[in-house]
file start_32.txt (compact mmCIF, C-alpha atoms)
# COMPACT_ATOMS: atom_id res chain seq x y z
CA MET J 19 -12.05 -22.57 11.80
CA PRO J 20 -10.47 -22.12 8.38
CA ALA J 21 -7.83 -19.42 8.11
CA PRO J 22 -9.12 -16.15 6.64
CA ALA J 23 -8.02 -14.94 3.22
CA ALA J 24 -5.05 -12.58 3.10
CA ILE J 25 -5.08 -9.17 1.43
CA LEU J 26 -1.53 -7.86 1.17
CA ASP J 27 -0.81 -4.23 0.38
CA ILE J 28 2.12 -3.93 -2.01
CA ASP J 29 3.73 -0.45 -1.78
CA GLY J 30 5.61 -0.08 1.49
CA THR J 31 4.48 -3.49 2.75
CA LEU J 32 5.98 -5.94 0.26
CA VAL J 33 8.22 -3.60 -1.72
CA ASP J 34 10.18 -0.66 -0.31
CA THR J 35 8.68 2.24 -2.29
CA ASN J 36 7.37 4.87 0.11
CA TYR J 37 10.37 7.16 0.09
CA GLN J 38 10.76 7.00 -3.68
CA HIS J 39 7.12 8.05 -3.94
CA ALA J 40 7.63 10.89 -1.46
CA LEU J 41 10.60 12.23 -3.43
CA ALA J 42 8.77 11.85 -6.75
CA TRP J 43 5.80 13.80 -5.39
CA ASN J 44 8.16 16.44 -4.02
CA GLU J 45 9.78 16.97 -7.42
CA ALA J 46 6.37 17.01 -9.13
CA PHE J 47 5.20 19.76 -6.77
CA VAL J 48 8.40 21.73 -7.31
CA GLN J 49 7.96 21.53 -11.08
CA SER J 50 4.51 23.10 -10.67
CA GLY J 51 5.82 25.81 -8.33
CA PHE J 52 4.82 24.31 -4.97
CA ILE J 53 7.53 24.05 -2.30
CA LEU J 54 6.41 21.71 0.48
CA PRO J 55 8.24 20.06 3.38
CA ILE J 56 8.90 16.49 2.28
CA TRP J 57 7.82 15.14 5.66
CA LYS J 58 4.31 16.45 4.99
CA ILE J 59 4.26 14.56 1.71
CA HIS J 60 5.48 11.39 3.40
CA ARG J 61 2.68 11.61 5.97
CA LEU J 62 0.22 11.07 3.11
CA ILE J 63 2.04 8.34 1.20
CA GLY J 64 -0.34 5.42 0.91
CA MET J 65 -3.22 7.77 0.20
CA GLY J 66 -4.20 7.78 -3.46
CA GLY J 67 -2.97 10.59 -5.67
CA ASP J 68 -6.56 11.59 -6.36
CA GLN J 69 -6.78 12.65 -2.70
CA LEU J 70 -3.18 13.41 -1.72
CA VAL J 71 -2.87 16.52 -3.89
CA ALA J 72 -5.98 18.20 -2.46
CA GLU J 73 -4.88 17.35 1.07
CA LEU J 74 -1.56 19.12 0.52
CA ILE J 75 -2.45 22.17 -1.57
CA GLY J 76 -6.24 22.43 -1.35
CA LYS J 77 -9.14 21.55 -3.63
CA ASP J 78 -8.92 24.68 -5.78
CA ALA J 79 -5.24 24.11 -6.55
CA ASP J 80 -5.96 20.43 -7.17
CA GLU J 81 -8.56 21.34 -9.77
CA GLU J 82 -6.05 23.57 -11.54
CA HIS J 83 -2.84 21.58 -11.16
CA GLY J 84 -3.82 18.09 -9.98
CA ASP J 85 -3.73 16.25 -13.29
CA THR J 86 -0.34 17.75 -14.14
CA LEU J 87 1.04 16.85 -10.72
CA ARG J 88 -0.21 13.27 -10.86
CA ALA J 89 1.17 12.75 -14.35
CA ALA J 90 4.54 14.18 -13.33
CA GLU J 91 4.75 12.02 -10.20
CA SER J 92 4.07 8.91 -12.25
CA VAL J 93 6.92 9.71 -14.67
CA LEU J 94 9.32 10.70 -11.88
CA TYR J 95 8.53 7.60 -9.85
CA MET J 96 9.02 5.29 -12.82
CA ALA J 97 12.44 6.89 -13.36
CA SER J 98 13.42 5.65 -9.87
CA ILE J 99 11.68 2.28 -9.89
CA ALA J 100 14.92 0.40 -10.52
CA SER J 101 15.95 1.36 -6.96
CA VAL J 102 12.90 -0.42 -5.50
CA HIS J 103 13.56 -3.75 -3.80
CA PRO J 104 11.34 -6.31 -2.07
CA LEU J 105 11.32 -6.04 1.68
CA GLU J 106 12.96 -8.88 3.55
CA GLU J 107 10.92 -12.11 3.48
CA ALA J 108 8.16 -10.47 1.43
CA ARG J 109 7.97 -13.35 -1.04
CA GLU J 110 8.20 -15.86 1.80
CA LEU J 111 5.19 -14.21 3.46
CA ILE J 112 3.21 -14.46 0.23
CA GLU J 113 4.25 -18.09 -0.12
CA THR J 114 3.24 -18.89 3.46
CA LEU J 115 -0.13 -17.16 3.16
CA SER J 116 -0.91 -18.84 -0.17
CA GLN J 117 -0.49 -22.38 1.11
CA GLY J 118 -3.33 -24.87 1.38
CA ASP J 119 -6.87 -23.62 0.85
CA ARG J 120 -6.16 -20.03 1.88
CA LYS J 121 -6.71 -17.39 -0.78
CA CYS J 122 -4.35 -14.44 -1.16
CA CYS J 123 -4.74 -11.17 -3.06
CA LEU J 124 -2.09 -8.48 -3.58
CA ALA J 125 -3.85 -5.13 -3.28
CA SER J 126 -2.68 -1.98 -5.03
CA SER J 127 -4.26 1.03 -6.69
CA ALA J 128 -1.09 1.61 -8.71
CA LYS J 129 -1.15 1.64 -12.50
CA ALA J 130 -1.12 -1.81 -14.11
CA HIS J 131 2.47 -1.45 -15.38
CA GLU J 132 3.69 -0.70 -11.85
CA VAL J 133 1.85 -3.70 -10.41
CA ASP J 134 3.27 -5.89 -13.20
CA HIS J 135 6.76 -4.74 -12.21
CA TYR J 136 6.13 -5.64 -8.57
CA LEU J 137 4.68 -9.04 -9.45
CA ASP J 138 7.84 -9.80 -11.39
CA LEU J 139 10.06 -8.36 -8.66
CA LEU J 140 8.38 -10.61 -6.08
CA ASP J 141 8.07 -13.54 -8.48
CA ALA J 142 4.52 -13.81 -7.14
CA ARG J 143 2.29 -14.38 -10.17
CA GLU J 144 2.06 -18.12 -9.62
CA LEU J 145 1.62 -17.81 -5.86
CA VAL J 146 -1.42 -15.58 -5.42
CA ASP J 147 -5.03 -15.97 -6.48
CA SER J 148 -5.43 -12.40 -7.68
CA TRP J 149 -4.23 -8.82 -7.56
CA THR J 150 -5.72 -5.38 -8.05
CA THR J 151 -4.68 -2.27 -9.96
CA SER J 152 -5.98 1.26 -10.39
CA GLY J 153 -8.46 -0.08 -12.90
CA ASP J 154 -10.31 -1.89 -10.11
CA VAL J 155 -11.06 1.18 -7.99
CA GLU J 156 -12.97 4.43 -8.36
CA ASN J 157 -11.78 6.05 -5.12
CA THR J 158 -8.40 5.28 -3.58
CA LYS J 159 -7.37 4.84 0.05
CA PRO J 160 -8.45 5.76 2.65
CA GLU J 161 -11.75 4.99 0.89
CA PRO J 162 -12.53 1.26 1.09
CA ASP J 163 -12.90 0.64 -2.66
CA LEU J 164 -9.53 -1.11 -3.02
CA VAL J 165 -10.18 -3.53 -0.18
CA ARG J 166 -13.68 -4.23 -1.43
CA ALA J 167 -12.27 -4.95 -4.89
CA ALA J 168 -9.82 -7.42 -3.32
CA LEU J 169 -12.64 -9.09 -1.37
CA ASP J 170 -14.66 -9.41 -4.57
CA LYS J 171 -11.73 -11.05 -6.34
CA LEU J 172 -11.27 -13.42 -3.39
CA GLY J 173 -14.98 -14.24 -3.23
CA THR J 174 -15.16 -13.82 0.54
CA ASP J 175 -15.67 -11.25 3.29
CA ASP J 176 -13.53 -13.28 5.70
CA ALA J 177 -10.13 -11.72 5.22
CA VAL J 178 -7.34 -9.87 7.01
CA MET J 179 -5.33 -7.00 5.52
CA VAL J 180 -1.59 -6.53 5.94
CA GLY J 181 -0.51 -2.93 5.37
CA ASP J 182 1.98 -0.26 6.33
CA THR J 183 0.08 3.06 6.48
CA PRO J 184 -2.88 4.48 8.40
CA TRP J 185 -4.62 4.75 5.01
CA ASP J 186 -4.42 0.97 4.57
CA VAL J 187 -5.90 0.46 8.01
CA LYS J 188 -8.73 2.94 7.45
CA ALA J 189 -9.57 1.48 4.05
CA ALA J 190 -9.76 -2.01 5.50
CA LYS J 191 -11.85 -0.82 8.43
CA GLY J 192 -14.26 0.80 5.98
CA ALA J 193 -14.59 -2.54 4.22
CA GLY J 194 -15.24 -4.33 7.50
CA ILE J 195 -11.98 -6.22 7.98
CA ASP J 196 -9.02 -6.00 10.36
CA THR J 197 -5.48 -4.94 9.51
CA ILE J 198 -2.14 -6.18 10.76
CA ALA J 199 0.37 -3.41 10.20
CA VAL J 200 4.13 -3.27 9.73
CA LEU J 201 6.44 -0.30 10.32
CA THR J 202 8.14 -0.52 6.92
CA GLY J 203 6.16 2.41 5.53
CA GLY J 204 7.69 4.85 7.97
CA PHE J 205 4.64 5.37 10.19
CA SER J 206 4.83 4.84 13.95
CA LYS J 207 3.24 2.07 15.96
CA THR J 208 1.05 4.67 17.68
CA GLU J 209 -0.17 6.13 14.38
CA LEU J 210 -1.06 2.69 13.05
CA GLU J 211 -2.80 1.64 16.26
CA GLU J 212 -4.76 4.88 16.43
CA ALA J 213 -5.93 4.25 12.86
CA GLY J 214 -7.26 0.87 14.05
CA ALA J 215 -4.55 -1.73 13.39
CA VAL J 216 -5.17 -4.80 15.53
CA GLN J 217 -1.46 -5.70 15.67
CA VAL J 218 1.72 -3.89 14.62
CA TYR J 219 5.04 -5.54 13.78
CA GLU J 220 8.41 -3.99 13.05
CA SER J 221 8.81 -5.96 9.84
CA ILE J 222 7.49 -8.80 7.73
CA VAL J 223 10.21 -10.95 9.26
CA GLU J 224 8.77 -10.32 12.72
CA LEU J 225 5.23 -10.90 11.47
CA ARG J 226 6.14 -14.22 9.87
CA ALA J 227 7.80 -15.40 13.06
CA ASP J 228 4.61 -14.70 15.04
CA LEU J 229 2.03 -15.55 12.39
CA GLN J 230 0.38 -18.21 14.54
CA ASN J 231 -0.56 -15.52 17.07
CA THR J 232 -2.28 -13.24 14.56
CA PRO J 233 -5.81 -13.16 13.08
CA LEU J 234 -4.31 -14.68 9.93
CA ALA J 235 -3.86 -17.94 11.84
CA GLY J 236 -7.64 -18.45 11.88

call {"tool": "encode", "arguments": {"input": "start_32.txt", "output": "structure tokens"}}
result
Amino acid sequence: MPAPAAILDIDGTLVDTNYQHALAWNEAFVQSGFILPIWKIHRLIGMGGDQLVAELIGKDADEEHGDTLRAAESVLYMASIASVHPLEEARELIETLSQGDRKCCLASSAKAHEVDHYLDLLDARELVDSWTTSGDVENTKPEPDLVRAALDKLGTDDAVMVGDTPWDVKAAKGAGIDTIAVLTGGFSKTELEEAGAVQVYESIVELRADLQNTPLAG
């Protein structure tokens, strides 16, 4: 059997961004007069900003303040992006999963300029077949739009997702594919398994070492 295509989440899976995003959201909420425990914000990192705001402060407040909050978070996050680094062996994982006839897509609903930054950070443009940005999706995770967009770019439904949040797992499940999860996003093994992850690894390093025993092996 040929190995399935690989769909790799970027934020929190390949690059270490989740805590910068949590702090940027926190400051954005503070600027609009909302004081929230940061751990509650972190619990929703990986969910798209179009859904995260309503989850935290309600639909009515989202309608009134959501656009301002999302714009502020984007600016605040970009101010911290220089502190973002690839996770250990992230590029090596991309390289491994792009070998031979296997197709590989980097999946993100971030703005195009953020994805461009990550592609350069990972030096991955020449390795992968495709990538996604916010322009490819109408509804963000946990809705399956992002994963479906990646499948469309890959031209196959035979794929496995690698992600770091329950929202990645749920999005992939909604698109009909399995997810291998890593703990680098700050979510527990139990949370990821309860969301539906078929395997959970501590890190990309651990995943690479055991790749032959995962669904990505084919």

call {"tool": "closest_residue", "arguments": {"input": "start_32.txt", "among": "J:Arg226, J:His39, J:Lys171, J:Lys188", "to": "Leu210 (chain J)", "atoms": "only C-alpha atoms"}}
result
J:Lys188

call {"tool": "closest_atom_pairs", "arguments": {"input": "start_32.txt", "of": "region 175-219 of chain J", "to": "region 65-78 of chain J", "cutoff": "12 Å", "atoms": "all atoms listed in the file", "output": "tab-separated table"}}
result
residue	atom	partner	partner_atom	distance
J:Asp182	CA	J:Met65	CA	11.4
J:Thr183	CA	J:Met65	CA	8.5
J:Pro184	CA	J:Met65	CA	8.8
J:Trp185	CA	J:Met65	CA	5.8
J:Asp186	CA	J:Met65	CA	8.2
J:Val187	CA	J:Met65	CA	11.0
J:Lys188	CA	J:Met65	CA	10.3
J:Ala189	CA	J:Met65	CA	9.7

call {"tool": "residues_around", "arguments": {"input": "start_32.txt", "residues": "Leu169 (chain J)", "least_positions_apart": "2", "cutoff": "12 Å", "atoms": "all atoms listed in the file", "output": "PyMOL selection string"}}
result
chain J and resi 22-26+121-125+147-150+154+162-167+171-179+190+193-195

call {"tool": "closest_residue", "arguments": {"input": "start_32.txt", "among": "J:Thr202, J:Val48, J:Leu115, J:Gly84", "to": "Ala21 (chain J)", "atoms": "only C-alpha atoms"}}
result
J:Leu115

call {"tool": "closest_residue", "arguments": {"input": "start_32.txt", "among": "J:Lys207, J:Ser152, J:Val200, J:Glu113", "to": "Lys129 (chain J)", "atoms": "all atoms listed in the file"}}
result
J:Ser152

call {"tool": "closest_residue", "arguments": {"input": "start_32.txt", "among": "J:Val33, J:Leu140, J:Ala89, J:Leu145", "to": "Gly181 (chain J)", "atoms": "only C-alpha atoms"}}
result
J:Val33

call {"tool": "closest_residue", "arguments": {"input": "start_32.txt", "among": "J:Ala90, J:Ile28, J:Ala128, J:Ala108", "to": "Thr158 (chain J)", "atoms": "all atoms listed in the file"}}
result
J:Ala128

call {"tool": "atom_distance", "arguments": {"input": "start_32.txt", "atom1": "CA of Ile99 (chain J)", "atom2": "CA of Gln38 (chain J)"}}
result
7.9 Å

call {"tool": "closest_residue", "arguments": {"input": "start_32.txt", "among": "J:Ala235, J:Leu32, J:Val223, J:Leu41", "to": "Pro104 (chain J)", "atoms": "all atoms listed in the file"}}
result
J:Leu32

call {"tool": "build_atoms", "arguments": {"input": "start_32.txt", "residues": "region 161-196 of chain J", "atoms": "N, CA and C atoms", "output": "PDB file, keeping the file's coordinate frame"}}
result
ATOM      1  N   GLU J 161     -10.454   5.573   1.228  1.00  0.00           N
ATOM      2  CA  GLU J 161     -11.750   4.990   0.890  1.00  0.00           C
ATOM      3  C   GLU J 161     -11.597   3.477   0.774  1.00  0.00           C
ATOM      4  N   PRO J 162     -12.653   2.715   1.032  1.00  0.00           N
ATOM      5  CA  PRO J 162     -12.530   1.260   1.090  1.00  0.00           C
ATOM      6  C   PRO J 162     -12.603   0.539  -0.242  1.00  0.00           C
ATOM      7  N   ASP J 163     -12.684   1.271  -1.358  1.00  0.00           N
ATOM      8  CA  ASP J 163     -12.900   0.640  -2.660  1.00  0.00           C
ATOM      9  C   ASP J 163     -11.865  -0.447  -2.973  1.00  0.00           C
ATOM     10  N   LEU J 164     -10.595  -0.172  -2.697  1.00  0.00           N
ATOM     11  CA  LEU J 164      -9.530  -1.110  -3.020  1.00  0.00           C
ATOM     12  C   LEU J 164      -9.707  -2.422  -2.265  1.00  0.00           C
ATOM     13  N   VAL J 165     -10.016  -2.330  -0.982  1.00  0.00           N
ATOM     14  CA  VAL J 165     -10.180  -3.530  -0.180  1.00  0.00           C
ATOM     15  C   VAL J 165     -11.427  -4.293  -0.612  1.00  0.00           C
ATOM     16  N   ARG J 166     -12.479  -3.570  -0.926  1.00  0.00           N
ATOM     17  CA  ARG J 166     -13.680  -4.230  -1.430  1.00  0.00           C
ATOM     18  C   ARG J 166     -13.427  -4.937  -2.752  1.00  0.00           C
ATOM     19  N   ALA J 167     -12.625  -4.318  -3.616  1.00  0.00           N
ATOM     20  CA  ALA J 167     -12.270  -4.950  -4.890  1.00  0.00           C
ATOM     21  C   ALA J 167     -11.497  -6.245  -4.638  1.00  0.00           C
ATOM     22  N   ALA J 168     -10.577  -6.220  -3.669  1.00  0.00           N
ATOM     23  CA  ALA J 168      -9.820  -7.420  -3.320  1.00  0.00           C
ATOM     24  C   ALA J 168     -10.742  -8.508  -2.773  1.00  0.00           C
ATOM     25  N   LEU J 169     -11.681  -8.121  -1.915  1.00  0.00           N
ATOM     26  CA  LEU J 169     -12.640  -9.090  -1.370  1.00  0.00           C
ATOM     27  C   LEU J 169     -13.473  -9.709  -2.482  1.00  0.00           C
ATOM     28  N   ASP J 170     -13.889  -8.895  -3.430  1.00  0.00           N
ATOM     29  CA  ASP J 170     -14.660  -9.410  -4.570  1.00  0.00           C
ATOM     30  C   ASP J 170     -13.843 -10.429  -5.365  1.00  0.00           C
ATOM     31  N   LYS J 171     -12.570 -10.122  -5.586  1.00  0.00           N
ATOM     32  CA  LYS J 171     -11.730 -11.050  -6.340  1.00  0.00           C
ATOM     33  C   LYS J 171     -11.511 -12.349  -5.563  1.00  0.00           C
ATOM     34  N   LEU J 172     -11.462 -12.234  -4.228  1.00  0.00           N
ATOM     35  CA  LEU J 172     -11.270 -13.420  -3.390  1.00  0.00           C
ATOM     36  C   LEU J 172     -12.554 -14.211  -3.210  1.00  0.00           C
ATOM     37  N   GLY J 173     -13.695 -13.564  -3.403  1.00  0.00           N
ATOM     38  CA  GLY J 173     -14.980 -14.240  -3.230  1.00  0.00           C
ATOM     39  C   GLY J 173     -15.343 -14.507  -1.791  1.00  0.00           C
ATOM     40  N   THR J 174     -14.877 -13.642  -0.886  1.00  0.00           N
ATOM     41  CA  THR J 174     -15.160 -13.820   0.540  1.00  0.00           C
ATOM     42  C   THR J 174     -15.100 -12.489   1.263  1.00  0.00           C
ATOM     43  N   ASP J 175     -15.793 -12.411   2.400  1.00  0.00           N
ATOM     44  CA  ASP J 175     -15.670 -11.250   3.290  1.00  0.00           C
ATOM     45  C   ASP J 175     -14.815 -11.591   4.502  1.00  0.00           C
ATOM     46  N   ASP J 176     -14.362 -12.839   4.580  1.00  0.00           N
ATOM     47  CA  ASP J 176     -13.530 -13.280   5.700  1.00  0.00           C
ATOM     48  C   ASP J 176     -12.067 -13.139   5.305  1.00  0.00           C
ATOM     49  N   ALA J 177     -11.506 -12.003   5.627  1.00  0.00           N
ATOM     50  CA  ALA J 177     -10.130 -11.720   5.220  1.00  0.00           C
ATOM     51  C   ALA J 177      -9.463 -10.795   6.217  1.00  0.00           C
ATOM     52  N   VAL J 178      -8.150 -10.766   6.180  1.00  0.00           N
ATOM     53  CA  VAL J 178      -7.340  -9.870   7.010  1.00  0.00           C
ATOM     54  C   VAL J 178      -6.379  -9.138   6.089  1.00  0.00           C
ATOM     55  N   MET J 179      -6.243  -7.840   6.308  1.00  0.00           N
ATOM     56  CA  MET J 179      -5.330  -7.000   5.520  1.00  0.00           C
ATOM     57  C   MET J 179      -3.970  -6.940   6.213  1.00  0.00           C
ATOM     58  N   VAL J 180      -2.917  -6.869   5.430  1.00  0.00           N
ATOM     59  CA  VAL J 180      -1.590  -6.530   5.940  1.00  0.00           C
ATOM     60  C   VAL J 180      -1.160  -5.263   5.210  1.00  0.00           C
ATOM     61  N   GLY J 181      -0.858  -4.212   5.978  1.00  0.00           N
ATOM     62  CA  GLY J 181      -0.510  -2.930   5.370  1.00  0.00           C
ATOM     63  C   GLY J 181       0.516  -2.178   6.184  1.00  0.00           C
ATOM     64  N   ASP J 182       0.893  -1.006   5.693  1.00  0.00           N
ATOM     65  CA  ASP J 182       1.980  -0.260   6.330  1.00  0.00           C
ATOM     66  C   ASP J 182       1.633   1.196   6.640  1.00  0.00           C
ATOM     67  N   THR J 183       0.435   1.661   6.240  1.00  0.00           N
ATOM     68  CA  THR J 183       0.080   3.060   6.480  1.00  0.00           C
ATOM     69  C   THR J 183      -1.279   3.158   7.161  1.00  0.00           C
ATOM     70  N   PRO J 184      -1.547   4.276   7.826  1.00  0.00           N
ATOM     71  CA  PRO J 184      -2.880   4.480   8.400  1.00  0.00           C
ATOM     72  C   PRO J 184      -3.975   4.418   7.332  1.00  0.00           C
ATOM     73  N   TRP J 185      -3.627   4.764   6.088  1.00  0.00           N
ATOM     74  CA  TRP J 185      -4.620   4.750   5.010  1.00  0.00           C
ATOM     75  C   TRP J 185      -5.020   3.330   4.656  1.00  0.00           C
ATOM     76  N   ASP J 186      -4.080   2.379   4.750  1.00  0.00           N
ATOM     77  CA  ASP J 186      -4.420   0.970   4.570  1.00  0.00           C
ATOM     78  C   ASP J 186      -5.404   0.523   5.644  1.00  0.00           C
ATOM     79  N   VAL J 187      -5.084   0.890   6.875  1.00  0.00           N
ATOM     80  CA  VAL J 187      -5.900   0.460   8.010  1.00  0.00           C
ATOM     81  C   VAL J 187      -7.318   1.025   7.901  1.00  0.00           C
ATOM     82  N   LYS J 188      -7.418   2.298   7.558  1.00  0.00           N
ATOM     83  CA  LYS J 188      -8.730   2.940   7.450  1.00  0.00           C
ATOM     84  C   LYS J 188      -9.538   2.368   6.294  1.00  0.00           C
ATOM     85  N   ALA J 189      -8.879   2.070   5.187  1.00  0.00           N
ATOM     86  CA  ALA J 189      -9.570   1.480   4.050  1.00  0.00           C
ATOM     87  C   ALA J 189     -10.122   0.104   4.409  1.00  0.00           C
ATOM     88  N   ALA J 190      -9.303  -0.690   5.091  1.00  0.00           N
ATOM     89  CA  ALA J 190      -9.760  -2.010   5.500  1.00  0.00           C
ATOM     90  C   ALA J 190     -10.908  -1.932   6.498  1.00  0.00           C
ATOM     91  N   LYS J 191     -10.788  -1.010   7.436  1.00  0.00           N
ATOM     92  CA  LYS J 191     -11.850  -0.820   8.430  1.00  0.00           C
ATOM     93  C   LYS J 191     -13.156  -0.440   7.743  1.00  0.00           C
ATOM     94  N   GLY J 192     -13.073   0.410   6.715  1.00  0.00           N
ATOM     95  CA  GLY J 192     -14.260   0.800   5.980  1.00  0.00           C
ATOM     96  C   GLY J 192     -14.900  -0.347   5.228  1.00  0.00           C
ATOM     97  N   ALA J 193     -14.090  -1.354   4.905  1.00  0.00           N
ATOM     98  CA  ALA J 193     -14.590  -2.540   4.220  1.00  0.00           C
ATOM     99  C   ALA J 193     -14.976  -3.645   5.197  1.00  0.00           C
ATOM    100  N   GLY J 194     -14.792  -3.380   6.486  1.00  0.00           N
ATOM    101  CA  GLY J 194     -15.240  -4.330   7.500  1.00  0.00           C
ATOM    102  C   GLY J 194     -14.256  -5.418   7.872  1.00  0.00           C
ATOM    103  N   ILE J 195     -12.967  -5.205   7.601  1.00  0.00           N
ATOM    104  CA  ILE J 195     -11.980  -6.220   7.980  1.00  0.00           C
ATOM    105  C   ILE J 195     -10.853  -5.591   8.791  1.00  0.00           C
ATOM    106  N   ASP J 196     -10.125  -6.444   9.518  1.00  0.00           N
ATOM    107  CA  ASP J 196      -9.020  -6.000  10.360  1.00  0.00           C
ATOM    108  C   ASP J 196      -7.723  -5.882   9.559  1.00  0.00           C
TER     109      ASP J 196
END
